[in-house]
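S.K.: Structure: structure.pdb, PDB, C-alpha atoms.
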```pdb
ATOM      1  CA  TYR X   1       6.140   3.478   8.190
ATOM      2  CA  GLY X   2       3.452   1.789   6.125
ATOM      3  CA  LEU X   3       3.477  -1.396   8.187
ATOM      4  CA  ARG X   4       0.679  -3.904   7.961
ATOM      5  CA  ARG X   5      -1.559  -3.823  11.038
ATOM      6  CA  SER X   6      -0.388  -7.310  11.988
ATOM      7  CA  GLU X   7       3.243  -6.176  11.762
ATOM      8  CA  ALA X   8       2.706  -3.037  13.851
ATOM      9  CA  VAL X   9       0.788  -4.845  16.602
ATOM     10  CA  GLY X  10       3.296  -7.694  16.532
ATOM     11  CA  LEU X  11       6.345  -5.443  16.990
ATOM     12  CA  ARG X  12       8.586  -6.523  19.844
ATOM     13  CA  TRP X  13      11.266  -4.650  21.723
ATOM     14  CA  SER X  14      13.777  -7.327  20.731
ATOM     15  CA  ALA X  15      13.280  -6.155  17.120
ATOM     16  CA  VAL X  16      14.366  -2.601  17.938
ATOM     17  CA  ASP X  17      18.081  -1.837  17.906
ATOM     18  CA  PHE X  18      18.509   1.641  19.349
ATOM     19  CA  LYS X  19      22.275   1.631  18.755
ATOM     20  CA  ALA X  20      22.019   0.634  15.097
ATOM     21  CA  ARG X  21      18.838   2.734  14.800
ATOM     22  CA  THR X  22      16.863  -0.040  13.120
ATOM     23  CA  ILE X  23      13.644  -1.965  13.560
ATOM     24  CA  THR X  24      13.212  -5.467  12.197
ATOM     25  CA  ILE X  25       9.831  -6.658  11.002
ATOM     26  CA  ASN X  26       9.797 -10.331  11.951
ATOM     27  CA  HIS X  27       6.699 -11.000  14.032
ATOM     28  CA  THR X  28       2.936 -10.575  13.631
ATOM     29  CA  ALA X  29      -0.257 -10.509  15.663
ATOM     30  CA  VAL X  30      -3.432 -11.515  13.816
ATOM     31  CA  SER X  31      -7.036 -11.636  15.067
ATOM     32  CA  THR X  32      -8.914 -14.740  14.081
ATOM     33  CA  ARG X  33     -12.216 -16.028  15.480
ATOM     34  CA  GLY X  34     -11.965 -13.846  18.571
ATOM     35  CA  HIS X  35      -8.413 -14.887  19.414
ATOM     36  CA  VAL X  36      -5.091 -13.217  18.683
ATOM     37  CA  ILE X  37      -2.407 -15.402  17.164
ATOM     38  CA  TYR X  38       1.144 -14.198  17.749
ATOM     39  CA  SER X  39       3.638 -15.571  15.283
ATOM     40  CA  ASP X  40       7.316 -15.398  14.382
ATOM     41  CA  GLN X  41       6.196 -15.542  10.766
ATOM     42  CA  VAL X  42       5.240 -12.629   8.557
ATOM     43  CA  LYS X  43       3.073 -12.635   5.443
ATOM     44  CA  THR X  44       5.792 -13.466   2.890
ATOM     45  CA  LYS X  45       9.542 -14.001   2.785
ATOM     46  CA  SER X  46       9.988 -10.422   1.552
ATOM     47  CA  SER X  47       7.932  -9.167   4.516
ATOM     48  CA  TYR X  48      10.935  -9.910   6.742
ATOM     49  CA  ARG X  49      12.824  -6.639   6.595
ATOM     50  CA  THR X  50      14.893  -4.216   8.606
ATOM     51  CA  LEU X  51      14.085  -0.511   8.401
ATOM     52  CA  PRO X  52      16.051   2.451   9.708
ATOM     53  CA  LEU X  53      14.489   4.367  12.594
ATOM     54  CA  THR X  54      13.779   8.007  11.899
ATOM     55  CA  PRO X  55      14.887  10.346  14.700
ATOM     56  CA  ASP X  56      11.233  10.980  15.625
ATOM     57  CA  MET X  57      10.409   7.261  15.736
ATOM     58  CA  ARG X  58      13.514   6.543  17.781
ATOM     59  CA  ARG X  59      12.542   9.291  20.248
ATOM     60  CA  TYR X  60       8.934   8.038  20.408
ATOM     61  CA  LEU X  61       9.988   4.443  21.037
ATOM     62  CA  SER X  62      12.462   5.559  23.723
ATOM     63  CA  GLU X  63       9.699   7.501  25.501
ATOM     64  CA  LEU X  64       7.281   4.581  25.161
ATOM     65  CA  ARG X  65       9.826   2.169  26.599
ATOM     66  CA  ARG X  66      10.367   4.523  29.543
ATOM     67  CA  HIS X  67       6.594   4.739  30.058
ATOM     68  CA  GLN X  68       6.276   0.951  30.036
ATOM     69  CA  LYS X  69       9.023   0.644  32.642
ATOM     70  CA  ASP X  70       7.199   3.189  34.812
ATOM     71  CA  MET X  71       3.931   1.259  34.414
ATOM     72  CA  LYS X  72       5.692  -1.960  35.358
ATOM     73  CA  ARG X  73       6.660  -0.333  38.669
ATOM     74  CA  VAL X  74       3.140   1.040  39.187
ATOM     75  CA  TYR X  75       1.370  -2.268  38.470
ATOM     76  CA  GLY X  76       3.968  -4.420  40.224
ATOM     77  CA  LYS X  77       2.937  -8.090  40.286
ATOM     78  CA  ASN X  78      -0.167  -7.301  38.220
ATOM     79  CA  TYR X  79       1.923  -6.154  35.267
ATOM     80  CA  GLN X  80       1.814  -8.591  32.360
ATOM     81  CA  LYS X  81       5.372  -9.039  31.171
ATOM     82  CA  SER X  82       5.845  -9.299  27.434
ATOM     83  CA  ASP X  83       8.239  -8.142  24.750
ATOM     84  CA  TYR X  84       5.488  -6.342  22.802
ATOM     85  CA  ILE X  85       5.688  -2.656  22.015
ATOM     86  CA  CYS X  86       1.945  -2.101  21.619
ATOM     87  CA  THR X  87       0.519  -2.720  25.090
ATOM     88  CA  ARG X  88      -1.940  -1.302  27.572
ATOM     89  CA  ASP X  89      -0.547   0.300  30.708
ATOM     90  CA  ASP X  90      -0.789  -3.023  32.559
ATOM     91  CA  GLY X  91       1.412  -4.680  29.910
ATOM     92  CA  THR X  92      -1.392  -6.534  28.140
ATOM     93  CA  PRO X  93      -0.653  -6.612  24.390
ATOM     94  CA  LEU X  94      -3.108  -4.623  22.275
ATOM     95  CA  ARG X  95      -5.459  -6.532  19.992
ATOM     96  CA  PRO X  96      -5.262  -5.757  16.260
ATOM     97  CA  ASP X  97      -8.989  -4.899  16.109
ATOM     98  CA  TYR X  98      -8.563  -2.455  19.015
ATOM     99  CA  ILE X  99      -5.942  -0.561  17.010
ATOM    100  CA  SER X 100      -8.350  -0.234  14.071
ATOM    101  CA  GLN X 101     -11.212   0.923  16.295
ATOM    102  CA  GLU X 102      -9.062   3.539  18.011
ATOM    103  CA  PHE X 103      -7.738   4.775  14.656
ATOM    104  CA  ALA X 104     -11.333   5.321  13.476
ATOM    105  CA  LYS X 105     -12.078   7.309  16.668
ATOM    106  CA  VAL X 106      -8.976   9.476  16.203
ATOM    107  CA  CYS X 107     -10.014  10.272  12.615
ATOM    108  CA  ARG X 108     -13.552  11.123  13.728
ATOM    109  CA  ARG X 109     -12.368  13.414  16.564
ATOM    110  CA  ALA X 110      -9.980  15.180  14.191
ATOM    111  CA  GLY X 111     -12.787  15.743  11.684
ATOM    112  CA  LEU X 112     -11.039  13.639   9.062
ATOM    113  CA  PRO X 113     -12.869  11.476   6.558
ATOM    114  CA  HIS X 114     -13.205   7.811   7.418
ATOM    115  CA  ILE X 115     -10.338   5.713   6.115
ATOM    116  CA  ARG X 116      -9.205   2.249   7.094
ATOM    117  CA  LEU X 117      -6.009   1.885   9.090
ATOM    118  CA  HIS X 118      -4.655  -0.142   6.161
ATOM    119  CA  ASP X 119      -5.088   2.912   3.922
ATOM    120  CA  LEU X 120      -2.099   4.458   5.711
ATOM    121  CA  ARG X 121      -0.014   1.806   3.974
ATOM    122  CA  HIS X 122      -1.217   3.166   0.628
ATOM    123  CA  SER X 123      -0.444   6.700   1.842
ATOM    124  CA  ALA X 124       3.101   5.696   2.771
ATOM    125  CA  ALA X 125       3.658   4.211  -0.702
ATOM    126  CA  THR X 126       2.224   7.287  -2.410
ATOM    127  CA  LEU X 127       4.305   9.695  -0.331
ATOM    128  CA  LEU X 128       7.487   7.715  -0.987
ATOM    129  CA  LEU X 129       6.713   7.680  -4.714
ATOM    130  CA  ARG X 130       6.115  11.435  -4.645
ATOM    131  CA  GLU X 131       9.465  11.913  -2.924
ATOM    132  CA  GLY X 132      11.142  10.270  -5.899
ATOM    133  CA  PHE X 133      11.796   6.769  -4.584
ATOM    134  CA  SER X 134      11.612   3.983  -7.143
ATOM    135  CA  LEU X 135       8.886   1.359  -7.118
ATOM    136  CA  ARG X 136      11.569  -1.210  -6.286
ATOM    137  CA  GLN X 137      12.637   0.774  -3.210
ATOM    138  CA  ILE X 138       9.020   1.191  -2.098
ATOM    139  CA  GLN X 139       8.353  -2.518  -2.659
ATOM    140  CA  GLU X 140      11.194  -3.404  -0.298
ATOM    141  CA  TRP X 141      10.115  -0.815   2.291
ATOM    142  CA  LEU X 142       6.566  -2.185   2.355
ATOM    143  CA  GLY X 143       7.695  -5.805   2.184
ATOM    144  CA  HIS X 144       5.763  -6.726  -0.944
ATOM    145  CA  ALA X 145       6.705  -9.995  -2.626
ATOM    146  CA  ASP X 146       5.807  -8.653  -6.072
ATOM    147  CA  ILE X 147       6.530  -5.188  -7.438
ATOM    148  CA  SER X 148       3.242  -5.272  -9.374
ATOM    149  CA  THR X 149       1.403  -5.126  -6.026
ATOM    150  CA  THR X 150       3.285  -1.958  -5.173
ATOM    151  CA  ALA X 151       2.750  -0.430  -8.605
ATOM    152  CA  ASN X 152      -0.840  -1.435  -9.265
ATOM    153  CA  ILE X 153      -2.419  -1.289  -5.811
ATOM    154  CA  TYR X 154      -0.369   0.852  -3.413
ATOM    155  CA  ALA X 155       1.495   3.692  -5.148
ATOM    156  CA  HIS X 156      -0.969   6.302  -6.381
ATOM    157  CA  VAL X 157      -0.145   9.365  -8.466
ATOM    158  CA  GLN X 158      -1.526  12.539  -6.917
ATOM    159  CA  TYR X 159      -3.564  14.930  -9.066
ATOM    160  CA  SER X 160      -1.126  17.753  -8.297
ATOM    161  CA  ASP X 161       1.636  15.567  -9.751
ATOM    162  CA  LYS X 162      -0.453  15.128 -12.908
ATOM    163  CA  VAL X 163      -0.730  18.922 -13.167
ATOM    164  CA  SER X 164       3.057  19.196 -12.921
ATOM    165  CA  MET X 165       3.433  16.476 -15.541
ATOM    166  CA  ALA X 166       1.057  18.353 -17.859
ATOM    167  CA  ARG X 167       3.058  21.568 -17.445
ATOM    168  CA  ARG X 168       6.306  19.797 -18.231
ATOM    169  CA  MET X 169       4.761  17.983 -21.181
ATOM    170  CA  GLY X 170       3.447  21.305 -22.442
ATOM    171  CA  GLY X 171       6.922  22.754 -22.172
ATOM    172  CA  LEU X 172       8.429  19.837 -24.047
ATOM    173  CA  LEU X 173       5.926  20.157 -26.855
ATOM    174  CA  GLU X 174       6.172  23.927 -27.302
ATOM    175  CA  ILE X 175       7.128  24.859 -30.809
ATOM    176  CA  SER X 176       9.825  27.454 -30.799
ATOM    177  CA  ASP X 177      10.082  30.164 -33.416
ATOM    178  CA  ILE X 178      12.717  29.167 -35.918
TER     179      ILE X 178
END
```
Before anything else, please render the file you have as C-alpha cells.

M.R.:
Amino acid sequence: YGLRRSEAVGLRWSAVDFKARTITINHTAVSTRGHVIYSDQVKTKSSYRTLPLTPDMRRYLSELRRHQKDMKRVYGKNYQKSDYICTRDDGTPLRPDYISQEFAKVCRRAGLPHIRLHDLRHSAATLLLREGFSLRQIQEWLGHADISTTANIYAHVQYSDKVSMARRMGGLLEISDI
C-alpha cells in the first residue's frame, strides 16, 4: 500500500470498514527517544486519506482479526486490549523499530538485497506509475502534500520502460519511403 511506517504501525481496527471495503489512514505510531508516541495526527493534512481494500488485504485483515480474537481468549486477563492492528499475540502493539528490524530479517532470509522498509513506499509509487496512474493519483494514494515530492523522490522510471520508450521513439522517427 505504500504506507509510511508510522501509518502502518498506527493502523487501528476502527479505521477499517469491512462493509465499505476501505481503510482510513488517520493515526500514527512514532518512536522517539525510546518511547512510542501514538497520535491521532498524521504527517500532513493530505496524509489523512481513505483507501480501498484489495480483496487480498481484506482477506488478510479478516484472518488477522480472527487470530487476535483467538489470542485474546488464550491470554485471557493477560491480553492487552487495544484497537491496534499491528500487535504481538498478547495484544501489545508493535513498536515501529521492531517492524523495521523484522523486515530486514525477512529480506536477509529470502536472499534479497538490503533495502529499508521505507523503500517499499518508493516501490509502490513506481509500480503505480508503471501501471499508468498519473502522478496526481499516486500523490493522493501516498498522501503527499506536494506532487513534486511524488515526482522527484518517489516515482522512478524503470530501465525496461526506458527501453520501451526508445523503441517507440525509434518508430516515431522512422523515415518512410516516399

S.K.: Residues of range 3-34 of chain X within 7 Å of range 75-91 of chain X: nearest atom pair and distance (Å, one decimal) for each, counting all atoms listed in the file, sorted by chain and number, as JSON lines?

M.R.:
```
{"residue": "X:Val9", "atom": "CA", "partner": "X:Cys86", "partner_atom": "CA", "distance": 5.8}
{"residue": "X:Gly10", "atom": "CA", "partner": "X:Tyr84", "partner_atom": "CA", "distance": 6.8}
{"residue": "X:Leu11", "atom": "CA", "partner": "X:Ile85", "partner_atom": "CA", "distance": 5.8}
{"residue": "X:Arg12", "atom": "CA", "partner": "X:Tyr84", "partner_atom": "CA", "distance": 4.3}
{"residue": "X:Trp13", "atom": "CA", "partner": "X:Asp83", "partner_atom": "CA", "distance": 5.5}
{"residue": "X:Ser14", "atom": "CA", "partner": "X:Asp83", "partner_atom": "CA", "distance": 6.9}
```

S.K.: To verify the selection step, state as a PyMOL selection string which residues the PyMOL selection byres ((chain X and resi 116-129) around 6) yields on this input.

M.R.: chain X and resi 2+100+115+130-133+154-156

S.K.: Quick one: pull the distance between CA of Arg21 in chain X and CA of Arg4 in chain X, Å, one decimal.

M.R.: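 Pair CA of Arg21 in chain X / CA of Arg4 in chain X returns 20.5 Å.
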
S.K.: Applying the PyMOL selection byres ((chain X and resi 136) around 12) to the file I just gave you, which residues come out? Please list them as a PDB file with C-alpha atoms, keeping the file's coordinate frame.

M.R.:
```pdb
ATOM      1  CA  ALA X 125       3.658   4.211  -0.702  1.00  0.00           C
ATOM      2  CA  LEU X 128       7.487   7.715  -0.987  1.00  0.00           C
ATOM      3  CA  LEU X 129       6.713   7.680  -4.714  1.00  0.00           C
ATOM      4  CA  GLY X 132      11.142  10.270  -5.899  1.00  0.00           C
ATOM      5  CA  PHE X 133      11.796   6.769  -4.584  1.00  0.00           C
ATOM      6  CA  SER X 134      11.612   3.983  -7.143  1.00  0.00           C
ATOM      7  CA  LEU X 135       8.886   1.359  -7.118  1.00  0.00           C
ATOM      8  CA  GLN X 137      12.637   0.774  -3.210  1.00  0.00           C
ATOM      9  CA  ILE X 138       9.020   1.191  -2.098  1.00  0.00           C
ATOM     10  CA  GLN X 139       8.353  -2.518  -2.659  1.00  0.00           C
ATOM     11  CA  GLU X 140      11.194  -3.404  -0.298  1.00  0.00           C
ATOM     12  CA  TRP X 141      10.115  -0.815   2.291  1.00  0.00           C
ATOM     13  CA  LEU X 142       6.566  -2.185   2.355  1.00  0.00           C
ATOM     14  CA  GLY X 143       7.695  -5.805   2.184  1.00  0.00           C
ATOM     15  CA  HIS X 144       5.763  -6.726  -0.944  1.00  0.00           C
ATOM     16  CA  ALA X 145       6.705  -9.995  -2.626  1.00  0.00           C
ATOM     17  CA  ASP X 146       5.807  -8.653  -6.072  1.00  0.00           C
ATOM     18  CA  ILE X 147       6.530  -5.188  -7.438  1.00  0.00           C
ATOM     19  CA  SER X 148       3.242  -5.272  -9.374  1.00  0.00           C
ATOM     20  CA  THR X 149       1.403  -5.126  -6.026  1.00  0.00           C
ATOM     21  CA  THR X 150       3.285  -1.958  -5.173  1.00  0.00           C
ATOM     22  CA  ALA X 151       2.750  -0.430  -8.605  1.00  0.00           C
ATOM     23  CA  ALA X 155       1.495   3.692  -5.148  1.00  0.00           C
TER      24      ALA X 155
END
```

S.K.: Which residues, named as in the file, does the PyMOL selection byres ((chain X and resi 50) around 10) pick out? Answer as number ranges by chain.

M.R.: X: 15-16, 22-26, 47-49, 51-53, 140-141, 143

S.K.: Please, what distance in Å, to one decimal, runs between CA of Ser160 in chain X and CA of Asp56 in chain X?

M.R.: 27.8 Å

S.K.: Rounded to one decimal place, report the CA of Lys43 in chain X-CA of Thr28 in chain X distance in Å.

M.R.: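 Interatomic distance here is 8.4 Å.
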